[in-house]
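Heads up, the thing below is written out as structure tokens.
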Amino acid sequence: KYTWDSHRMFRTTYFPGLGWMLRKELWDEIGPKFPKEHWDHWMRLDTTAQGRECVVPEVNRNFNIGEKGANMESRTYEKYLSKMMISNDLPDSYGDLDYLTKSNYEQWMAGVFAGARHWPTSPDSPESIVAAMGEHHEGQTIVLTYRSETYTRLADRFEIWPFPRAHHLHASYLRYKGVLFILADARFCPYLPENLKVLPSPGLRPIPAQRGADCVSTCKDKGLQCMEHEFWFINTCKILEEHFSCARGCALVLGPDIPNFVEDPSLSTYHQCLVNQEEPKCSARHPGTSRLCACS
């Protein structure tokens, strides 16, 4: 139901994963340490990406046919992937691509936010928002902010993948009936005005726990309190490396006790630092890991 331009591309901070190319110089850098599995997650780690972005066409040039697999079930495929567009157009020219350079793209995005209207209500569908805007909605830009733990509700109303992807510096866009919708992470999108940003608590401290300990007791021992919503600000490989050896690098793994450092030799992630894409729990613990706690 969204409008896309098969001749246009965009920059994304989130590595897309399927059908990609890279320069030889980059492969010379990452090739020697390229993992044998879960390499797409590894490419998205902050210590791998190092601020780099990918250039991606608005309309896919490939299509996921894996209706069933290790990480896919029929219901999920039907709801999301089966409806994705694939381009049958083979343009002779993509025109002037200067808009894709880092400085030009960031300048364009900053201008989009500057002229946008923030939609302050709880997640609404694009249909209901356009209806509420009235007959003069075309050409307007609407910004909707989210936090990682609230994104699923917003994605459900927009009928898109339930985890933020295809974003540039935590801002993604969709066009619907002449309106440009921007979905922006309130914690991490640099284009948002200060009044819409969610900042870390001034007293936030990442504190490493003892092996097997939870973050409630770890923070309490320091006279502080564990703050679950603050974990997002310390959930990076770079911050973990400041507190643990991370001898075997970093990896993305789901779990309520992550971010952490794995100390049990019997685990496949032994001596790795682990980051999460779900909100951890302060009370969680694992006998084989040392947590990094968000204390304030």
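If you're wondering about the labels, chains in the structure tokens are A, B, ... by order shown, residues count from 1 in each chain, ligands from 1 in order shown.
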Quick one: residues within 8 Å of A:Ala171, only C-alpha atoms, excluding same-chain residues fewer than 5 positions away - as a PDB file with N, CA, C and O atoms, in the first residue's frame?
```
ATOM      1  N   ILE A 182       7.849   9.459   8.710  1.00  0.00           N
ATOM      2  CA  ILE A 182       9.170   9.166   9.251  1.00  0.00           C
ATOM      3  C   ILE A 182       8.992   8.485  10.601  1.00  0.00           C
ATOM      4  O   ILE A 182       8.323   9.023  11.492  1.00  0.00           O
ATOM      5  N   LEU A 183       9.572   7.300  10.753  1.00  0.00           N
ATOM      6  CA  LEU A 183       9.549   6.584  12.020  1.00  0.00           C
ATOM      7  C   LEU A 183      10.926   6.741  12.661  1.00  0.00           C
ATOM      8  O   LEU A 183      11.931   6.306  12.085  1.00  0.00           O
ATOM      9  N   ALA A 184      10.985   7.379  13.830  1.00  0.00           N
ATOM     10  CA  ALA A 184      12.272   7.742  14.420  1.00  0.00           C
ATOM     11  C   ALA A 184      12.393   7.232  15.854  1.00  0.00           C
ATOM     12  O   ALA A 184      11.460   7.374  16.660  1.00  0.00           O
ATOM     13  N   ASP A 185      13.540   6.652  16.158  1.00  0.00           N
ATOM     14  CA  ASP A 185      13.830   6.145  17.495  1.00  0.00           C
ATOM     15  C   ASP A 185      14.133   7.331  18.415  1.00  0.00           C
ATOM     16  O   ASP A 185      15.101   8.062  18.202  1.00  0.00           O
ATOM     17  N   CYS A 189      17.862   8.682  17.388  1.00  0.00           N
ATOM     18  CA  CYS A 189      17.825   9.431  16.133  1.00  0.00           C
ATOM     19  C   CYS A 189      18.351  10.852  16.351  1.00  0.00           C
ATOM     20  O   CYS A 189      17.752  11.633  17.100  1.00  0.00           O
TER      21      CYS A 189
END
```
Legend entry - Long-range neighbours of stretch 111-122 of chain A as an NGL selection string, 12 Å cut-off, only C-alpha atoms, 3 positions minimum in chain: :A and (104-108 or 125-126 or 128-130 or 132-133 or 137 or 139-146 or 150-151 or 153-154 or 157 or 171-173 or 179-184 or 186 or 189-193 or 195-196)
Based on the backbone DSSP call, show me all residues of stretch 27-264 of chain A assigned helix (DSSP H, G or I), as a JSON list (two decimals) with C-alpha atoms, in the first residue's frame.
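Result saved to selection_20.json:
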```json
[["chain", "number", "residue", "atom", "x", "y", "z"],
["A", 27, "TRP", "CA", 36.73, -7.28, 2.54],
["A", 28, "ASP", "CA", 40.47, -7.09, 3.24],
["A", 29, "GLU", "CA", 39.51, -5.57, 6.59],
["A", 30, "ILE", "CA", 36.69, -7.86, 7.68],
["A", 31, "GLY", "CA", 37.38, -11.04, 5.68],
["A", 32, "PRO", "CA", 39.99, -12.55, 8.03],
["A", 33, "LYS", "CA", 37.53, -12.40, 10.97],
["A", 39, "TRP", "CA", 27.34, -13.22, 9.76],
["A", 40, "ASP", "CA", 24.43, -10.86, 9.01],
["A", 41, "HIS", "CA", 24.06, -10.08, 12.72],
["A", 42, "TRP", "CA", 27.83, -9.71, 12.98],
["A", 43, "MET", "CA", 27.84, -7.17, 10.13],
["A", 44, "ARG", "CA", 25.34, -5.05, 12.11],
["A", 46, "ASP", "CA", 28.80, -1.39, 16.04],
["A", 47, "THR", "CA", 32.36, -2.73, 16.19],
["A", 48, "THR", "CA", 32.02, -4.18, 12.67],
["A", 49, "ALA", "CA", 30.03, -1.41, 11.00],
["A", 74, "SER", "CA", 4.74, -19.82, 7.29],
["A", 75, "ARG", "CA", 2.64, -17.38, 9.30],
["A", 76, "THR", "CA", 5.46, -14.84, 9.60],
["A", 77, "TYR", "CA", 6.37, -15.22, 5.94],
["A", 78, "GLU", "CA", 2.77, -14.68, 4.82],
["A", 79, "LYS", "CA", 2.27, -11.65, 7.06],
["A", 81, "LEU", "CA", 7.74, -11.17, 3.43],
["A", 82, "SER", "CA", 5.16, -12.42, 0.92],
["A", 83, "LYS", "CA", 3.84, -8.86, 0.51],
["A", 98, "ASP", "CA", 24.95, 12.90, -5.54],
["A", 99, "TYR", "CA", 22.02, 12.87, -3.10],
["A", 100, "LEU", "CA", 23.43, 9.62, -1.71],
["A", 102, "LYS", "CA", 26.90, 11.18, 3.28],
["A", 103, "SER", "CA", 26.81, 14.97, 3.61],
["A", 104, "ASN", "CA", 24.03, 15.48, 1.05],
["A", 105, "TYR", "CA", 21.87, 12.71, 2.45],
["A", 106, "GLU", "CA", 22.20, 13.91, 6.02],
["A", 107, "GLN", "CA", 21.43, 17.46, 4.91],
["A", 108, "TRP", "CA", 18.31, 16.22, 3.12],
["A", 109, "MET", "CA", 17.18, 14.22, 6.14],
["A", 110, "ALA", "CA", 17.74, 17.17, 8.49],
["A", 111, "GLY", "CA", 15.60, 19.31, 6.19],
["A", 112, "VAL", "CA", 12.85, 16.67, 6.18],
["A", 113, "PHE", "CA", 12.73, 16.68, 9.97],
["A", 114, "ALA", "CA", 12.82, 20.47, 10.14],
["A", 126, "PRO", "CA", -1.37, 5.60, 8.23],
["A", 127, "GLU", "CA", -4.97, 5.44, 7.01],
["A", 128, "SER", "CA", -6.33, 7.02, 10.20],
["A", 129, "ILE", "CA", -3.61, 9.67, 10.29],
["A", 130, "VAL", "CA", -4.24, 10.73, 6.69],
["A", 131, "ALA", "CA", -7.97, 10.85, 7.38],
["A", 132, "ALA", "CA", -7.40, 13.05, 10.43],
["A", 133, "MET", "CA", -5.14, 15.40, 8.42],
["A", 148, "SER", "CA", 12.64, -0.05, 21.00],
["A", 149, "GLU", "CA", 10.23, -1.59, 23.49],
["A", 150, "THR", "CA", 7.21, 0.16, 21.87],
["A", 151, "TYR", "CA", 8.13, -0.36, 18.20],
["A", 152, "THR", "CA", 6.09, -3.56, 17.80],
["A", 153, "ARG", "CA", 2.84, -1.68, 18.36],
["A", 154, "LEU", "CA", 3.77, 0.97, 15.81],
["A", 155, "ALA", "CA", 4.92, -1.65, 13.30],
["A", 156, "ASP", "CA", 1.65, -3.54, 13.70],
["A", 157, "ARG", "CA", -0.37, -0.45, 12.80],
["A", 158, "PHE", "CA", 1.82, 0.20, 9.76],
["A", 194, "GLU", "CA", 15.59, 18.02, 21.83],
["A", 195, "ASN", "CA", 12.03, 18.02, 23.17],
["A", 196, "LEU", "CA", 11.33, 14.67, 21.44],
["A", 215, "CYS", "CA", 21.68, -6.55, 38.17],
["A", 216, "VAL", "CA", 19.30, -5.81, 41.04],
["A", 217, "SER", "CA", 21.89, -6.86, 43.61],
["A", 218, "THR", "CA", 24.84, -5.55, 41.58],
["A", 219, "CYS", "CA", 23.43, -2.02, 41.42],
["A", 220, "LYS", "CA", 22.23, -2.16, 45.03],
["A", 221, "ASP", "CA", 25.76, -2.99, 46.21],
["A", 228, "GLU", "CA", 15.65, -1.64, 32.66],
["A", 229, "HIS", "CA", 14.84, 1.12, 30.14],
["A", 230, "GLU", "CA", 18.44, 2.36, 30.42],
["A", 231, "PHE", "CA", 19.98, -0.91, 29.17],
["A", 232, "TRP", "CA", 19.56, 0.32, 25.58],
["A", 233, "PHE", "CA", 22.22, 2.99, 26.16],
["A", 234, "ILE", "CA", 24.88, 0.47, 27.24],
["A", 237, "CYS", "CA", 30.01, -3.92, 21.76],
["A", 238, "LYS", "CA", 32.15, -0.83, 22.27],
["A", 239, "ILE", "CA", 30.88, -0.27, 25.81],
["A", 240, "LEU", "CA", 31.19, -3.96, 26.67],
["A", 241, "GLU", "CA", 34.82, -3.88, 25.51]]
```
Inset, instruction - Extract the full set of strand (DSSP E) residues from stretch 89-224 of chain A according to DSSP on the backbone, and format it as a PyMOL selection string. - result: chain A and resi 117-118+141-146+171-176+179-185+205-208
Legend entry - atom CA of A:Arg165 to atom CA of A:Gly17, distance in Å rounded to a single decimal: 10.7 Å
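With only C-alpha atoms as the atoms that count, the minimum distance from A:Arg61 to the choices A:Pro35, A:Gly19, A:Pro259, A:Gly95 is reached by A:Gly19.
Minimum atom-to-atom distance to A:Ser93, evaluated using only C-alpha atoms, belongs to A:His7 out of A:His7, A:Leu254, A:Ala209, A:Tyr2.
Distance-wise, atom CA of A:Phe10 and atom CA of A:His170 end up 13.3 Å apart.
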Inset, instruction - Find the residue from A:Ile86, A:Leu267, A:Ile160, A:Cys293 that sits nearest to A:His243; use only C-alpha atoms when measuring. - result: A:Cys293
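Atom to atom, atom CA of A:Arg175 and atom CA of A:Gly51 stand 26.5 Å apart.
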Legend entry - 8 Å contact set for stretch 274-277 of chain A, only C-alpha atoms, chain neighbours under 6 positions out, as a count of residues only: 14
Inset, instruction - Write out as a ChimeraX atom specification each polymer residue whose atoms come within 9 Å of A:Asn60, counting only C-alpha atoms; drop sequence neighbours fewer than 2 positions from it. - result: /A:6,56-58,62-63,84-87
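Closest approach to A:Leu90 among A:Lys68, A:Val59, A:Thr269, A:Leu45: A:Val59, based on only C-alpha atoms.
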Legend entry - Distance criterion (only C-alpha atoms): nearest to A:His136 out of A:Phe188, A:Ala166, A:Ala213, A:Gly178: A:Gly178
